[in-house]
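Visitor: Structure: target_22.cif, mmCIF, C-alpha atoms.
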data_run
loop_
_atom_site.label_atom_id
_atom_site.label_comp_id
_atom_site.auth_asym_id
_atom_site.auth_seq_id
_atom_site.Cartn_x
_atom_site.Cartn_y
_atom_site.Cartn_z
CA MET Q 1 -14.53 3.41 4.26
CA GLU Q 2 -16.62 6.10 2.55
CA VAL Q 3 -15.31 9.48 1.46
CA ARG Q 4 -16.34 11.59 4.45
CA THR Q 5 -14.68 9.21 6.90
CA LEU Q 6 -11.67 8.87 4.59
CA ALA Q 7 -11.33 12.67 4.50
CA LEU Q 8 -11.47 12.86 8.30
CA TRP Q 9 -8.69 10.29 8.66
CA ALA Q 10 -6.69 11.78 5.81
CA GLU Q 11 -6.49 15.05 7.76
CA LYS Q 12 -5.31 13.14 10.84
CA LYS Q 13 -2.65 11.45 8.73
CA GLY Q 14 -1.55 14.52 6.78
CA ILE Q 15 -2.69 13.18 3.40
CA HIS Q 16 -3.92 15.65 0.77
CA LEU Q 17 -5.11 13.32 -2.00
CA MET Q 18 -6.99 10.02 -1.65
CA GLY Q 19 -8.39 7.45 -4.04
CA THR Q 20 -12.13 6.91 -3.67
CA GLY Q 21 -11.99 3.16 -4.27
CA ASP Q 22 -14.86 1.04 -5.61
CA PHE Q 23 -16.25 3.35 -8.32
CA THR Q 24 -17.55 0.32 -10.24
CA HIS Q 25 -20.11 -0.53 -7.56
CA PRO Q 26 -23.46 1.02 -8.60
CA GLN Q 27 -24.57 2.02 -5.12
CA TYR Q 28 -21.21 3.49 -4.15
CA PHE Q 29 -20.86 5.21 -7.53
CA ALA Q 30 -24.17 7.00 -6.88
CA GLU Q 31 -22.99 7.85 -3.36
CA LEU Q 32 -19.76 9.32 -4.74
CA GLN Q 33 -21.68 11.48 -7.20
CA GLY Q 34 -23.74 12.84 -4.34
CA ALA Q 35 -20.86 13.35 -1.90
CA LEU Q 36 -18.25 14.85 -4.24
CA GLU Q 37 -18.04 17.87 -6.51
CA PRO Q 38 -15.33 18.91 -9.01
CA SER Q 39 -12.35 20.83 -7.65
CA GLU Q 40 -9.00 21.01 -9.47
CA LYS Q 41 -8.61 19.36 -12.88
CA GLY Q 42 -9.71 15.74 -12.69
CA LEU Q 43 -10.04 15.87 -8.90
CA PHE Q 44 -12.92 16.19 -6.45
CA LYS Q 45 -13.70 17.57 -3.01
CA LEU Q 46 -16.40 16.89 -0.46
CA ARG Q 47 -19.60 18.71 -1.28
CA ASN Q 48 -20.55 21.42 1.26
CA SER Q 49 -17.35 20.93 3.24
CA LEU Q 50 -14.24 22.93 4.06
CA SER Q 51 -12.08 19.81 4.11
CA PRO Q 52 -8.80 20.35 2.22
CA VAL Q 53 -8.66 16.67 1.18
CA ARG Q 54 -9.06 15.92 -2.50
CA PHE Q 55 -10.12 12.69 -4.21
CA LEU Q 56 -9.50 10.99 -7.53
CA LEU Q 57 -11.72 8.23 -8.86
CA THR Q 58 -10.22 4.78 -8.37
CA VAL Q 59 -11.23 1.14 -8.19
CA GLU Q 60 -9.47 -2.19 -7.73
CA VAL Q 61 -10.70 -5.02 -9.94
CA SER Q 62 -9.91 -8.73 -10.12
CA ASN Q 63 -9.37 -10.82 -13.24
CA ILE Q 64 -9.41 -14.61 -12.96
CA PHE Q 65 -8.63 -16.35 -16.25
CA SER Q 66 -6.63 -19.19 -17.76
CA VAL Q 67 -3.53 -19.04 -19.93
CA LYS Q 68 -2.22 -22.29 -21.41
CA GLY Q 69 -4.21 -24.27 -18.89
CA LYS Q 70 -2.92 -22.33 -15.87
CA LEU Q 71 -5.23 -20.23 -13.72
CA LYS Q 72 -4.19 -16.60 -13.35
CA ARG Q 73 -5.50 -14.14 -10.77
CA ILE Q 74 -4.52 -10.51 -11.28
CA HIS Q 75 -5.69 -7.41 -9.40
CA THR Q 76 -5.37 -3.98 -11.00
CA ILE Q 77 -6.19 -0.42 -9.96
CA LEU Q 78 -7.99 1.85 -12.42
CA PHE Q 79 -7.75 5.66 -12.26
CA ALA Q 80 -10.35 7.79 -14.06
CA PRO Q 81 -10.35 11.58 -14.59
CA SER Q 82 -14.14 12.13 -14.39
CA PHE Q 83 -17.45 10.55 -13.48
CA GLU Q 84 -18.31 10.46 -17.18
CA VAL Q 85 -15.24 8.36 -17.96
CA ALA Q 86 -15.85 6.14 -14.93
CA GLN Q 87 -19.40 5.58 -16.12
CA LYS Q 88 -18.12 4.49 -19.56
CA ILE Q 89 -15.81 1.99 -17.87
CA ASN Q 90 -18.66 0.72 -15.73
CA GLN Q 91 -20.92 0.23 -18.74
CA ARG Q 92 -18.31 -1.86 -20.52
CA LEU Q 93 -17.42 -3.86 -17.41
CA SER Q 94 -21.07 -4.60 -16.67
CA HIS Q 95 -21.11 -6.80 -19.79
CA ILE Q 96 -18.35 -9.07 -18.47
CA GLY Q 97 -19.08 -9.24 -14.72
CA LYS Q 98 -21.48 -8.40 -11.90
CA LEU Q 99 -20.56 -4.96 -10.62
CA ALA Q 100 -23.07 -4.97 -7.76
CA SER Q 101 -21.73 -8.12 -6.13
CA ASP Q 102 -18.51 -6.67 -4.69
CA GLY Q 103 -16.53 -3.46 -4.33
CA ARG Q 104 -13.71 -5.30 -6.09
CA PRO Q 105 -15.57 -6.96 -8.97
CA ILE Q 106 -14.35 -10.21 -10.51
CA PHE Q 107 -14.08 -10.73 -14.27
CA GLY Q 108 -13.34 -13.84 -16.27
CA ALA Q 109 -11.74 -11.87 -19.09
CA HIS Q 110 -7.99 -11.63 -19.71
CA VAL Q 111 -6.45 -8.79 -17.71
CA LYS Q 112 -5.25 -7.09 -20.91
CA ASP Q 113 -8.89 -6.49 -21.77
CA ILE Q 114 -9.24 -4.30 -18.66
CA VAL Q 115 -6.48 -2.06 -20.03
CA LYS Q 116 -8.28 -1.80 -23.37
CA ILE Q 117 -11.60 -0.97 -21.73
CA ALA Q 118 -10.08 1.74 -19.54
CA LEU Q 119 -8.12 3.40 -22.34
CA ASP Q 120 -11.06 3.18 -24.75
CA ALA Q 121 -13.09 5.11 -22.18
CA SER Q 122 -10.33 7.75 -22.06
CA PRO Q 123 -6.62 7.86 -22.91
CA ASP Q 124 -6.23 9.71 -19.59
CA CYS Q 125 -7.04 6.61 -17.55
CA LEU Q 126 -4.25 4.79 -15.74
CA VAL Q 127 -4.06 1.06 -15.07
CA VAL Q 128 -1.70 -0.08 -12.30
CA PRO Q 129 -1.07 -3.71 -11.28
CA ALA Q 130 -2.02 -3.89 -7.59
CA HIS Q 131 0.23 -5.29 -4.81
CA ALA Q 132 2.39 -6.66 -7.60
CA TRP Q 133 4.17 -9.43 -5.67
CA THR Q 134 1.61 -11.03 -3.35
CA PRO Q 135 1.37 -14.79 -3.99
CA TRP Q 136 -2.29 -15.21 -4.92
CA PHE Q 137 -3.64 -12.16 -6.76
CA SER Q 138 -0.88 -10.24 -8.53
CA VAL Q 139 1.07 -9.83 -11.71
CA TYR Q 140 4.25 -11.41 -10.27
CA GLY Q 141 2.52 -13.68 -7.74
CA ALA Q 142 4.23 -17.02 -7.18
CA ASN Q 143 0.94 -18.94 -7.31
CA SER Q 144 -1.03 -17.26 -10.05
CA GLY Q 145 1.04 -14.59 -11.76
CA PHE Q 146 3.54 -14.16 -14.59
CA ASP Q 147 7.28 -13.64 -14.89
CA SER Q 148 7.02 -10.27 -16.66
CA LEU Q 149 4.63 -7.45 -17.46
CA GLU Q 150 4.93 -8.34 -21.15
CA GLU Q 151 3.92 -11.94 -20.52
CA CYS Q 152 0.95 -10.77 -18.47
CA PHE Q 153 -0.40 -7.84 -20.48
CA GLU Q 154 0.88 -8.88 -23.91
CA GLU Q 155 0.34 -6.09 -26.46
CA GLU Q 156 -1.05 -3.81 -23.73
CA ALA Q 157 2.18 -3.93 -21.68
CA LYS Q 158 3.27 -0.70 -23.36
CA ASN Q 159 0.39 1.02 -21.55
CA ILE Q 160 1.54 -0.09 -18.08
CA TYR Q 161 3.60 2.75 -16.58
CA ALA Q 162 3.54 1.88 -12.89
CA ILE Q 163 3.08 -0.95 -10.43
CA GLU Q 164 2.04 -0.93 -6.80
CA THR Q 165 4.81 -2.53 -4.75
CA GLY Q 166 2.48 -3.74 -1.97
CA LEU Q 167 3.13 -4.03 1.74
CA SER Q 168 5.47 -7.03 1.50
CA SER Q 169 7.97 -5.46 -0.90
CA ASP Q 170 9.73 -2.11 -1.08
CA PRO Q 171 11.43 -0.26 -3.95
CA ALA Q 172 14.86 -1.71 -3.12
CA MET Q 173 13.54 -5.21 -3.76
CA ASN Q 174 12.01 -4.10 -7.07
CA TRP Q 175 15.24 -2.39 -8.14
CA ARG Q 176 16.76 -5.86 -8.52
CA LEU Q 177 14.73 -6.35 -11.74
CA SER Q 178 16.14 -4.37 -14.66
CA ALA Q 179 12.83 -4.90 -16.46
CA LEU Q 180 11.23 -2.49 -13.97
CA ASP Q 181 13.65 0.38 -14.59
CA ARG Q 182 11.11 2.18 -16.78
CA ILE Q 183 8.28 1.56 -14.32
CA THR Q 184 7.18 4.00 -11.62
CA LEU Q 185 6.90 2.27 -8.24
CA LEU Q 186 3.82 3.44 -6.37
CA SER Q 187 3.06 2.71 -2.73
CA ASN Q 188 -0.54 2.83 -1.55
CA SER Q 189 -1.93 1.91 1.84
CA ASP Q 190 -4.37 -0.74 0.50
CA SER Q 191 -6.31 -0.16 3.71
CA HIS Q 192 -9.48 -1.95 4.71
CA SER Q 193 -10.17 0.33 7.67
CA PRO Q 194 -9.85 4.13 7.93
CA SER Q 195 -7.13 4.12 10.58
CA ARG Q 196 -4.81 2.17 8.25
CA ILE Q 197 -4.73 4.73 5.45
CA GLY Q 198 -1.33 6.30 4.97
CA ARG Q 199 0.64 3.25 6.07
CA GLU Q 200 2.09 3.60 2.57
CA ALA Q 201 1.90 6.73 0.43
CA ASN Q 202 3.41 8.70 -2.46
CA VAL Q 203 4.93 12.15 -2.03
CA PHE Q 204 4.54 14.48 -5.02
CA ASP Q 205 5.80 18.00 -5.67
CA CYS Q 206 3.44 19.18 -8.38
CA GLU Q 207 0.13 20.93 -8.88
CA MET Q 208 -2.95 19.34 -7.35
CA ASP Q 209 -4.08 18.27 -10.82
CA TYR Q 210 -5.00 14.76 -12.02
CA PHE Q 211 -3.33 15.27 -15.39
CA GLU Q 212 -0.05 16.57 -13.96
CA ILE Q 213 0.06 13.66 -11.52
CA LEU Q 214 -0.71 11.26 -14.37
CA GLN Q 215 2.13 12.71 -16.45
CA ALA Q 216 4.55 12.48 -13.52
CA ILE Q 217 3.73 8.79 -13.10
CA ARG Q 218 3.92 8.02 -16.81
CA THR Q 219 7.31 9.69 -17.18
CA LYS Q 220 8.68 8.60 -13.78
CA ASP Q 221 9.61 12.23 -13.13
CA PRO Q 222 11.93 12.45 -10.08
CA LYS Q 223 11.34 16.19 -9.81
CA LYS Q 224 7.63 15.62 -9.27
CA ILE Q 225 7.65 12.27 -7.46
CA LEU Q 226 9.94 12.96 -4.52
CA TYR Q 227 9.74 9.65 -2.63
CA THR Q 228 7.41 6.95 -1.42
CA ILE Q 229 6.51 6.05 2.15
CA GLU Q 230 6.84 2.33 2.83
CA PHE Q 231 5.86 -0.28 5.35
CA PHE Q 232 8.92 -2.21 6.45
CA PRO Q 233 8.36 -5.06 3.95
CA GLU Q 234 9.16 -7.67 6.58
CA GLU Q 235 5.99 -6.57 8.38
CA GLY Q 236 3.89 -7.45 5.32
CA LYS Q 237 1.94 -10.68 5.55
CA TYR Q 238 3.63 -12.40 2.61
CA HIS Q 239 7.28 -11.39 3.00
CA TRP Q 240 8.84 -14.78 3.90
CA ASP Q 241 7.75 -18.28 2.95
CA GLY Q 242 5.62 -20.32 5.30
CA HIS Q 243 2.66 -22.46 6.24
CA ARG Q 244 0.23 -20.75 8.57
CA ASP Q 245 -1.53 -23.91 9.76
CA CYS Q 246 1.74 -25.34 11.06
CA LYS Q 247 3.13 -21.94 12.14
CA VAL Q 248 6.17 -22.59 9.97
CA VAL Q 249 8.00 -19.51 8.67
CA LEU Q 250 11.19 -19.69 6.63
CA PRO Q 251 13.54 -17.43 4.66
CA PRO Q 252 13.83 -18.32 0.96
CA GLU Q 253 17.18 -20.08 1.31
CA GLU Q 254 15.73 -22.48 3.87
CA SER Q 255 12.51 -23.25 2.01
CA LYS Q 256 14.49 -23.93 -1.17
CA LYS Q 257 16.46 -26.61 0.68
CA LEU Q 258 13.10 -28.21 1.53
CA ASN Q 259 11.82 -28.02 -2.07
CA ASN Q 260 9.26 -25.48 -0.80
CA LEU Q 261 7.52 -28.13 1.31
CA CYS Q 262 6.41 -27.65 4.92
CA PRO Q 263 8.78 -29.56 7.25
CA GLN Q 264 5.86 -30.29 9.60
CA CYS Q 265 3.14 -31.67 7.30
CA GLY Q 266 4.80 -31.97 3.88
CA LYS Q 267 2.31 -29.67 2.15
CA LYS Q 268 3.44 -26.94 -0.23
CA LEU Q 269 4.65 -23.76 1.43
CA THR Q 270 3.24 -20.40 0.40
CA VAL Q 271 6.17 -18.84 -1.43
CA GLY Q 272 6.59 -15.29 -0.20
CA VAL Q 273 7.51 -12.05 -1.90
CA LEU Q 274 11.23 -12.07 -1.08
CA HIS Q 275 11.55 -15.57 -2.54
CA ARG Q 276 9.71 -14.55 -5.69
CA VAL Q 277 11.84 -11.43 -6.14
CA GLU Q 278 15.01 -13.51 -5.84
CA ASP Q 279 13.69 -15.95 -8.44
CA LEU Q 280 13.15 -13.17 -11.00
CA ALA Q 281 15.98 -10.79 -10.06
CA ASP Q 282 18.84 -10.18 -12.45
CA ARG Q 283 20.71 -7.89 -10.05
CA PRO Q 284 22.26 -8.40 -6.60
CA GLU Q 285 20.69 -7.21 -3.39
CA GLY Q 286 21.56 -3.57 -2.76
CA PHE Q 287 21.66 -2.49 -6.41
CA THR Q 288 20.25 1.01 -7.00
CA PRO Q 289 19.31 2.09 -10.55
CA SER Q 290 20.38 5.57 -11.65
CA ASN Q 291 16.78 6.68 -12.21
CA SER Q 292 15.37 5.32 -8.94
CA ILE Q 293 12.98 7.35 -6.78
CA PRO Q 294 13.90 7.28 -3.06
CA PHE Q 295 11.75 5.86 -0.27
CA LYS Q 296 11.36 6.15 3.49
CA ASN Q 297 10.23 3.38 5.81
CA MET Q 298 7.61 4.00 8.47
CA VAL Q 299 5.81 2.35 11.34
CA PRO Q 300 2.33 3.77 12.03
CA LEU Q 301 2.24 6.10 15.00
CA ASP Q 302 -0.36 4.05 16.89
CA GLU Q 303 1.89 0.98 16.61
CA ILE Q 304 4.81 2.95 18.06
CA ILE Q 305 2.63 4.16 20.93
CA ALA Q 306 1.29 0.66 21.54
CA ASP Q 307 4.81 -0.74 21.64
CA ALA Q 308 5.88 1.95 24.09
CA PHE Q 309 2.88 1.24 26.33
CA ASP Q 310 3.17 -2.54 25.88
CA GLN Q 311 -0.50 -2.58 24.91
CA ALA Q 312 -2.57 -3.54 21.87
CA VAL Q 313 -3.10 -0.92 19.17
CA ALA Q 314 -6.87 -0.95 19.68
CA THR Q 315 -6.76 -0.03 23.39
CA LYS Q 316 -8.22 3.20 24.76
CA ALA Q 317 -4.88 4.42 26.15
CA VAL Q 318 -3.19 4.13 22.75
CA SER Q 319 -6.07 5.90 20.99
CA GLN Q 320 -6.08 8.75 23.52
CA GLU Q 321 -2.34 9.29 23.21
CA TYR Q 322 -2.57 9.19 19.40
CA GLU Q 323 -5.30 11.85 19.38
CA ARG Q 324 -3.39 14.00 21.88
CA LEU Q 325 -0.23 14.00 19.78
CA ILE Q 326 -1.87 14.85 16.47
CA LYS Q 327 -3.82 17.69 18.13
CA GLN Q 328 -0.70 19.16 19.72
CA ILE Q 329 2.05 18.71 17.12
CA GLY Q 330 0.36 18.03 13.80
CA PRO Q 331 -0.80 15.15 11.60
CA GLU Q 332 0.72 11.69 11.84
CA LEU Q 333 3.05 11.78 8.84
CA THR Q 334 4.41 15.15 9.96
CA ILE Q 335 5.14 13.69 13.39
CA LEU Q 336 6.82 10.61 11.94
CA PHE Q 337 9.00 12.38 9.38
CA ASP Q 338 9.26 16.14 9.91
CA ARG Q 339 9.21 17.11 13.58
CA THR Q 340 12.64 17.64 15.14
CA GLU Q 341 13.86 15.59 18.06
CA GLU Q 342 13.46 18.65 20.29
CA GLU Q 343 9.85 19.11 19.19
CA LEU Q 344 9.06 15.45 19.73
CA ARG Q 345 10.58 15.33 23.20
CA SER Q 346 8.76 18.48 24.26
CA ILE Q 347 5.35 16.86 23.67
CA ALA Q 348 5.61 13.07 23.35
CA LEU Q 349 6.33 10.63 26.14
CA PRO Q 350 10.05 9.75 26.20
CA LYS Q 351 9.66 6.21 24.88
CA VAL Q 352 7.25 7.31 22.14
CA ALA Q 353 9.75 9.95 21.02
CA ASP Q 354 12.51 7.33 21.20
CA GLY Q 355 10.41 4.98 19.11
CA ILE Q 356 9.78 7.55 16.37
CA LEU Q 357 13.49 8.35 16.18
CA ARG Q 358 14.42 4.67 16.08
CA VAL Q 359 12.10 4.06 13.17
CA ARG Q 360 13.65 6.98 11.30
CA ASN Q 361 17.05 5.33 11.84
CA ARG Q 362 15.71 1.88 10.92
CA GLN Q 363 16.59 0.60 14.40
CA VAL Q 364 13.73 -1.87 14.68
CA GLU Q 365 13.37 -5.60 15.28
CA ILE Q 366 11.03 -7.50 12.95
CA LYS Q 367 9.77 -11.05 12.78
CA PRO Q 368 8.83 -11.38 9.10
CA GLY Q 369 5.26 -12.02 8.00
CA TYR Q 370 4.31 -15.17 6.08
CA ASP Q 371 1.34 -16.97 4.50
CA GLY Q 372 -1.20 -14.25 5.35
CA VAL Q 373 0.20 -13.49 8.83
CA TYR Q 374 1.51 -9.96 9.39
CA GLY Q 375 5.06 -9.63 10.66
CA LYS Q 376 5.66 -8.41 14.20
CA ILE Q 377 7.68 -5.26 14.59
CA LYS Q 378 9.32 -4.16 17.84
CA VAL Q 379 10.44 -0.59 18.27
CA ILE Q 380 10.97 -0.93 22.02
CA ARG Q 381 13.22 -3.87 22.82
CA GLU Q 382 11.96 -6.58 25.16
CA ALA Q 383 14.52 -5.68 27.85
CA GLU Q 384 13.13 -2.14 27.97
CA GLN Q 385 9.46 -3.10 27.85
CA LYS Q 386 8.69 -3.47 31.56
CA GLU Q 387 10.35 -0.19 32.45
CA THR Q 388 8.67 1.48 29.47
CA SER Q 389 5.12 0.42 30.27
CA THR Q 390 5.43 1.43 33.94
CA THR Q 391 6.94 4.82 33.11
CA ALA Q 392 4.42 5.49 30.33
CA SER Q 393 1.50 4.69 32.61
CA ARG Q 394 2.77 7.07 35.27
CA GLN Q 395 3.43 9.83 32.79
CA MET Q 396 0.00 9.43 31.17
CA GLU Q 397 -1.49 10.44 34.54
CA LEU Q 398 0.04 13.89 34.02
CA PHE Q 399 -1.88 14.58 30.79
#
What does this structure look like when you write it as structure tokens?

Guide:
Amino acid sequence: MEVRTLALWAEKKGIHLMGTGDFTHPQYFAELQGALEPSEKGLFKLRNSLSPVRFLLTVEVSNIFSVKGKLKRIHTILFAPSFEVAQKINQRLSHIGKLASDGRPIFGAHVKDIVKIALDASPDCLVVPAHAWTPWFSVYGANSGFDSLEECFEEEAKNIYAIETGLSSDPAMNWRLSALDRITLLSNSDSHSPSRIGREANVFDCEMDYFEILQAIRTKDPKKILYTIEFFPEEGKYHWDGHRDCKVVLPPEESKKLNNLCPQCGKKLTVGVLHRVEDLADRPEGFTPSNSIPFKNMVPLDEIIADAFDQAVATKAVSQEYERLIKQIGPELTILFDRTEEELRSIALPKVADGILRVRNRQVEIKPGYDGVYGKIKVIREAEQKETSTTASRQMELF
């Protein structure tokens, strides 16, 4: 997960701009300075490389602190327009935490202090609450968060212009809170391995310029932020309520009947994102604000191939077919969203092409994720699976 590998995978995915991650870590900060050079305003490119991928300086940090005797755990993403500004942030943060101990450093200060530190370093920094709904480490988290941005960030709430929806929620769920109407909803992949980048993304129509992107986010400009690309939220690992140890998974209406207690062992259930959204929502399901930015759901291409082959994602056959497709018909996001049915069927195996088209039409079956367990998504129905795997294996022999 360093910039040269990220750039390689970004090209495979069809991503033009990536966050560096981890700029607070001293060793990685030095590595970034050596690997990157300035390109467009506030952005960077790989040094001595023809890669078209650009980077902006980002880091995710963790604040663990108490408010009125209750422990709060909030993760935020910081965006900086230059190494000089990032260095100022690092100097200030080094006084309140150990930057060398983790790529996502932990601070005991109130999260509002992170906003102050970032904006004192430069008014062109951006602070975004990360994966805003996950139970344990987020602004709205059921176990350690708050009920509003104002309650969380206090006087600094006015400087919060966006939140990251996270894998277990999508914009439609967030639209149910009128308090978020002014907020730009960003979707980032939050990946911990290179192949997972792009599983969520933001689609802009503006200059490749940090400051123009910043302004688009701050003003929630629908002409410059066209749409976001989203995981099906049910596939996220905190969508429904549940207890992993007992393999109990429940929709909110069922867990509420049980007072949020596991029916197997009686311990407290982990309250999922859908439950938390319903607790805070002041609008019905399906409400769409007038100023909303659209979104498109996706299933990663390797998952579609794996489902078609009835194999695990990490198998050699799936990897080979993935590489073949992106070499022949373009990067992953182009294949998933832009190629016509005719183009897909001319290159992809029939069931892979079917799977891509089904995802576009939201014709998928999902067992929701819960308590840290990812949901299971089926693009190819069980009844088709045996025929699919046999046919795919035979057809693979032709390539």

Visitor: Separation of atom CA of Asn63 of chain Q and atom CA of Gly145 of chain Q, in Å?

Guide: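 Separation of atom CA of Asn63 of chain Q and atom CA of Gly145 of chain Q: 11.2 Å.
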
Visitor: Write out as a PyMOL selection string each polymer residue whose atoms come within 10 Å of Pro331 of chain Q, counting only C-alpha atoms; drop sequence neighbours fewer than 3 positions from it.

Guide: chain Q and resi 9-15+322-323+325-328+334-336

Visitor: Within 12 Å of (18.4, 15.3, 17.6) (file coordinates; only C-alpha atoms), which protein or nucleic acid residues are there? I'd like them as a CSV table (one decimal) with C-alpha atoms, in the frame of the given file.

Guide:
chain,number,residue,atom,x,y,z
Q,338,ASP,CA,9.3,16.1,9.9
Q,339,ARG,CA,9.2,17.1,13.6
Q,340,THR,CA,12.6,17.6,15.1
Q,341,GLU,CA,13.9,15.6,18.1
Q,342,GLU,CA,13.5,18.6,20.3
Q,343,GLU,CA,9.8,19.1,19.2
Q,344,LEU,CA,9.1,15.4,19.7
Q,345,ARG,CA,10.6,15.3,23.2
Q,353,ALA,CA,9.8,10.0,21.0
Q,354,ASP,CA,12.5,7.3,21.2
Q,356,ILE,CA,9.8,7.6,16.4
Q,357,LEU,CA,13.5,8.4,16.2
Q,358,ARG,CA,14.4,4.7,16.1
Q,360,ARG,CA,13.6,7.0,11.3
Q,361,ASN,CA,17.0,5.3,11.8

Visitor: What is the distance between atom CA of Thr24 of chain Q and atom CA of Thr134 of chain Q, in Å to one decimal?

Guide: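 Those two atoms sit 23.3 Å apart.
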
Visitor: May I have a table of the residues of segment 72-187 of chain Q lying at most 12 Å from segment 261-273 of chain Q, giving each one's closest pair of atoms and their distance in Å to one decimal, counting all atoms listed in the file, ordered by chain and ascending residue number, as CSV?

Guide:
residue,atom,partner,partner_atom,distance
Q:His131,CA,Q:Val273,CA,10.4
Q:Ala132,CA,Q:Val273,CA,9.4
Q:Trp133,CA,Q:Val273,CA,5.7
Q:Thr134,CA,Q:Val273,CA,6.2
Q:Pro135,CA,Q:Gly272,CA,6.5
Q:Trp136,CA,Q:Thr270,CA,9.3
Q:Ser138,CA,Q:Val273,CA,10.8
Q:Val139,CA,Q:Val273,CA,11.9
Q:Tyr140,CA,Q:Val273,CA,9.0
Q:Gly141,CA,Q:Val273,CA,7.9
Q:Ala142,CA,Q:Val271,CA,6.3
Q:Asn143,CA,Q:Val271,CA,7.9
Q:Ser144,CA,Q:Val271,CA,11.3
Q:Thr165,CA,Q:Val273,CA,10.3
Q:Gly166,CA,Q:Val273,CA,9.7
Q:Leu167,CA,Q:Val273,CA,9.8
Q:Ser168,CA,Q:Val273,CA,6.4
Q:Ser169,CA,Q:Val273,CA,6.7
Q:Asp170,CA,Q:Val273,CA,10.2
Q:Met173,CA,Q:Val273,CA,9.3
Q:Asn174,CA,Q:Val273,CA,10.5

Visitor: Restricted to C-alpha atoms, what would the selected residues look like written as a PDB file, in the coordinates of the input?

Guide:
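The result, written out as again_15.pdb:
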ATOM      1  CA  HIS Q 131       0.230  -5.290  -4.810  1.00  0.00           C
ATOM      2  CA  ALA Q 132       2.390  -6.660  -7.600  1.00  0.00           C
ATOM      3  CA  TRP Q 133       4.170  -9.430  -5.670  1.00  0.00           C
ATOM      4  CA  THR Q 134       1.610 -11.030  -3.350  1.00  0.00           C
ATOM      5  CA  PRO Q 135       1.370 -14.790  -3.990  1.00  0.00           C
ATOM      6  CA  TRP Q 136      -2.290 -15.210  -4.920  1.00  0.00           C
ATOM      7  CA  SER Q 138      -0.880 -10.240  -8.530  1.00  0.00           C
ATOM      8  CA  VAL Q 139       1.070  -9.830 -11.710  1.00  0.00           C
ATOM      9  CA  TYR Q 140       4.250 -11.410 -10.270  1.00  0.00           C
ATOM     10  CA  GLY Q 141       2.520 -13.680  -7.740  1.00  0.00           C
ATOM     11  CA  ALA Q 142       4.230 -17.020  -7.180  1.00  0.00           C
ATOM     12  CA  ASN Q 143       0.940 -18.940  -7.310  1.00  0.00           C
ATOM     13  CA  SER Q 144      -1.030 -17.260 -10.050  1.00  0.00           C
ATOM     14  CA  THR Q 165       4.810  -2.530  -4.750  1.00  0.00           C
ATOM     15  CA  GLY Q 166       2.480  -3.740  -1.970  1.00  0.00           C
ATOM     16  CA  LEU Q 167       3.130  -4.030   1.740  1.00  0.00           C
ATOM     17  CA  SER Q 168       5.470  -7.030   1.500  1.00  0.00           C
ATOM     18  CA  SER Q 169       7.970  -5.460  -0.900  1.00  0.00           C
ATOM     19  CA  ASP Q 170       9.730  -2.110  -1.080  1.00  0.00           C
ATOM     20  CA  MET Q 173      13.540  -5.210  -3.760  1.00  0.00           C
ATOM     21  CA  ASN Q 174      12.010  -4.100  -7.070  1.00  0.00           C
TER      22      ASN Q 174
END

Visitor: Could you tell me which of Q:Gln27, Q:Ser195, Q:Ser49, Q:Ser82 comes closest to Phe211 of chain Q if we count all atoms listed in the file?

Guide: Q:Ser82

Visitor: Fewer than 3 positions away in the same chain doesn't count, so skip those; otherwise give me all residues within 7 Å of segment 112-123 of chain Q, counting only C-alpha atoms, as a ChimeraX atom specification.

Guide: /Q:85,88-89,92,109,127,153,156

Visitor: Could the residues in this selection be saved with C-alpha atoms as a JSON list (two decimals), in the coordinates of the input?

Guide:
[["chain", "number", "residue", "atom", "x", "y", "z"],
["Q", 85, "VAL", "CA", -15.24, 8.36, -17.96],
["Q", 88, "LYS", "CA", -18.12, 4.49, -19.56],
["Q", 89, "ILE", "CA", -15.81, 1.99, -17.87],
["Q", 92, "ARG", "CA", -18.31, -1.86, -20.52],
["Q", 109, "ALA", "CA", -11.74, -11.87, -19.09],
["Q", 127, "VAL", "CA", -4.06, 1.06, -15.07],
["Q", 153, "PHE", "CA", -0.40, -7.84, -20.48],
["Q", 156, "GLU", "CA", -1.05, -3.81, -23.73]]

Visitor: Run the PyMOL selection byres ((chain Q and resi 56) around 10) on the file and write out the hits as a short mmCIF file (atom, residue, chain, number, x, y, z; two decimals) with C-alpha atoms, in the coordinates of the input.

Guide:
data_model
loop_
_atom_site.label_atom_id
_atom_site.label_comp_id
_atom_site.auth_asym_id
_atom_site.auth_seq_id
_atom_site.Cartn_x
_atom_site.Cartn_y
_atom_site.Cartn_z
CA LEU Q 17 -5.11 13.32 -2.00
CA MET Q 18 -6.99 10.02 -1.65
CA GLY Q 19 -8.39 7.45 -4.04
CA THR Q 20 -12.13 6.91 -3.67
CA GLY Q 21 -11.99 3.16 -4.27
CA PRO Q 38 -15.33 18.91 -9.01
CA LYS Q 41 -8.61 19.36 -12.88
CA GLY Q 42 -9.71 15.74 -12.69
CA LEU Q 43 -10.04 15.87 -8.90
CA PHE Q 44 -12.92 16.19 -6.45
CA LYS Q 45 -13.70 17.57 -3.01
CA ARG Q 54 -9.06 15.92 -2.50
CA PHE Q 55 -10.12 12.69 -4.21
CA LEU Q 57 -11.72 8.23 -8.86
CA THR Q 58 -10.22 4.78 -8.37
CA PHE Q 79 -7.75 5.66 -12.26
CA ALA Q 80 -10.35 7.79 -14.06
CA PRO Q 81 -10.35 11.58 -14.59
CA SER Q 82 -14.14 12.13 -14.39
CA PHE Q 83 -17.45 10.55 -13.48
CA ASP Q 209 -4.08 18.27 -10.82
CA TYR Q 210 -5.00 14.76 -12.02
#
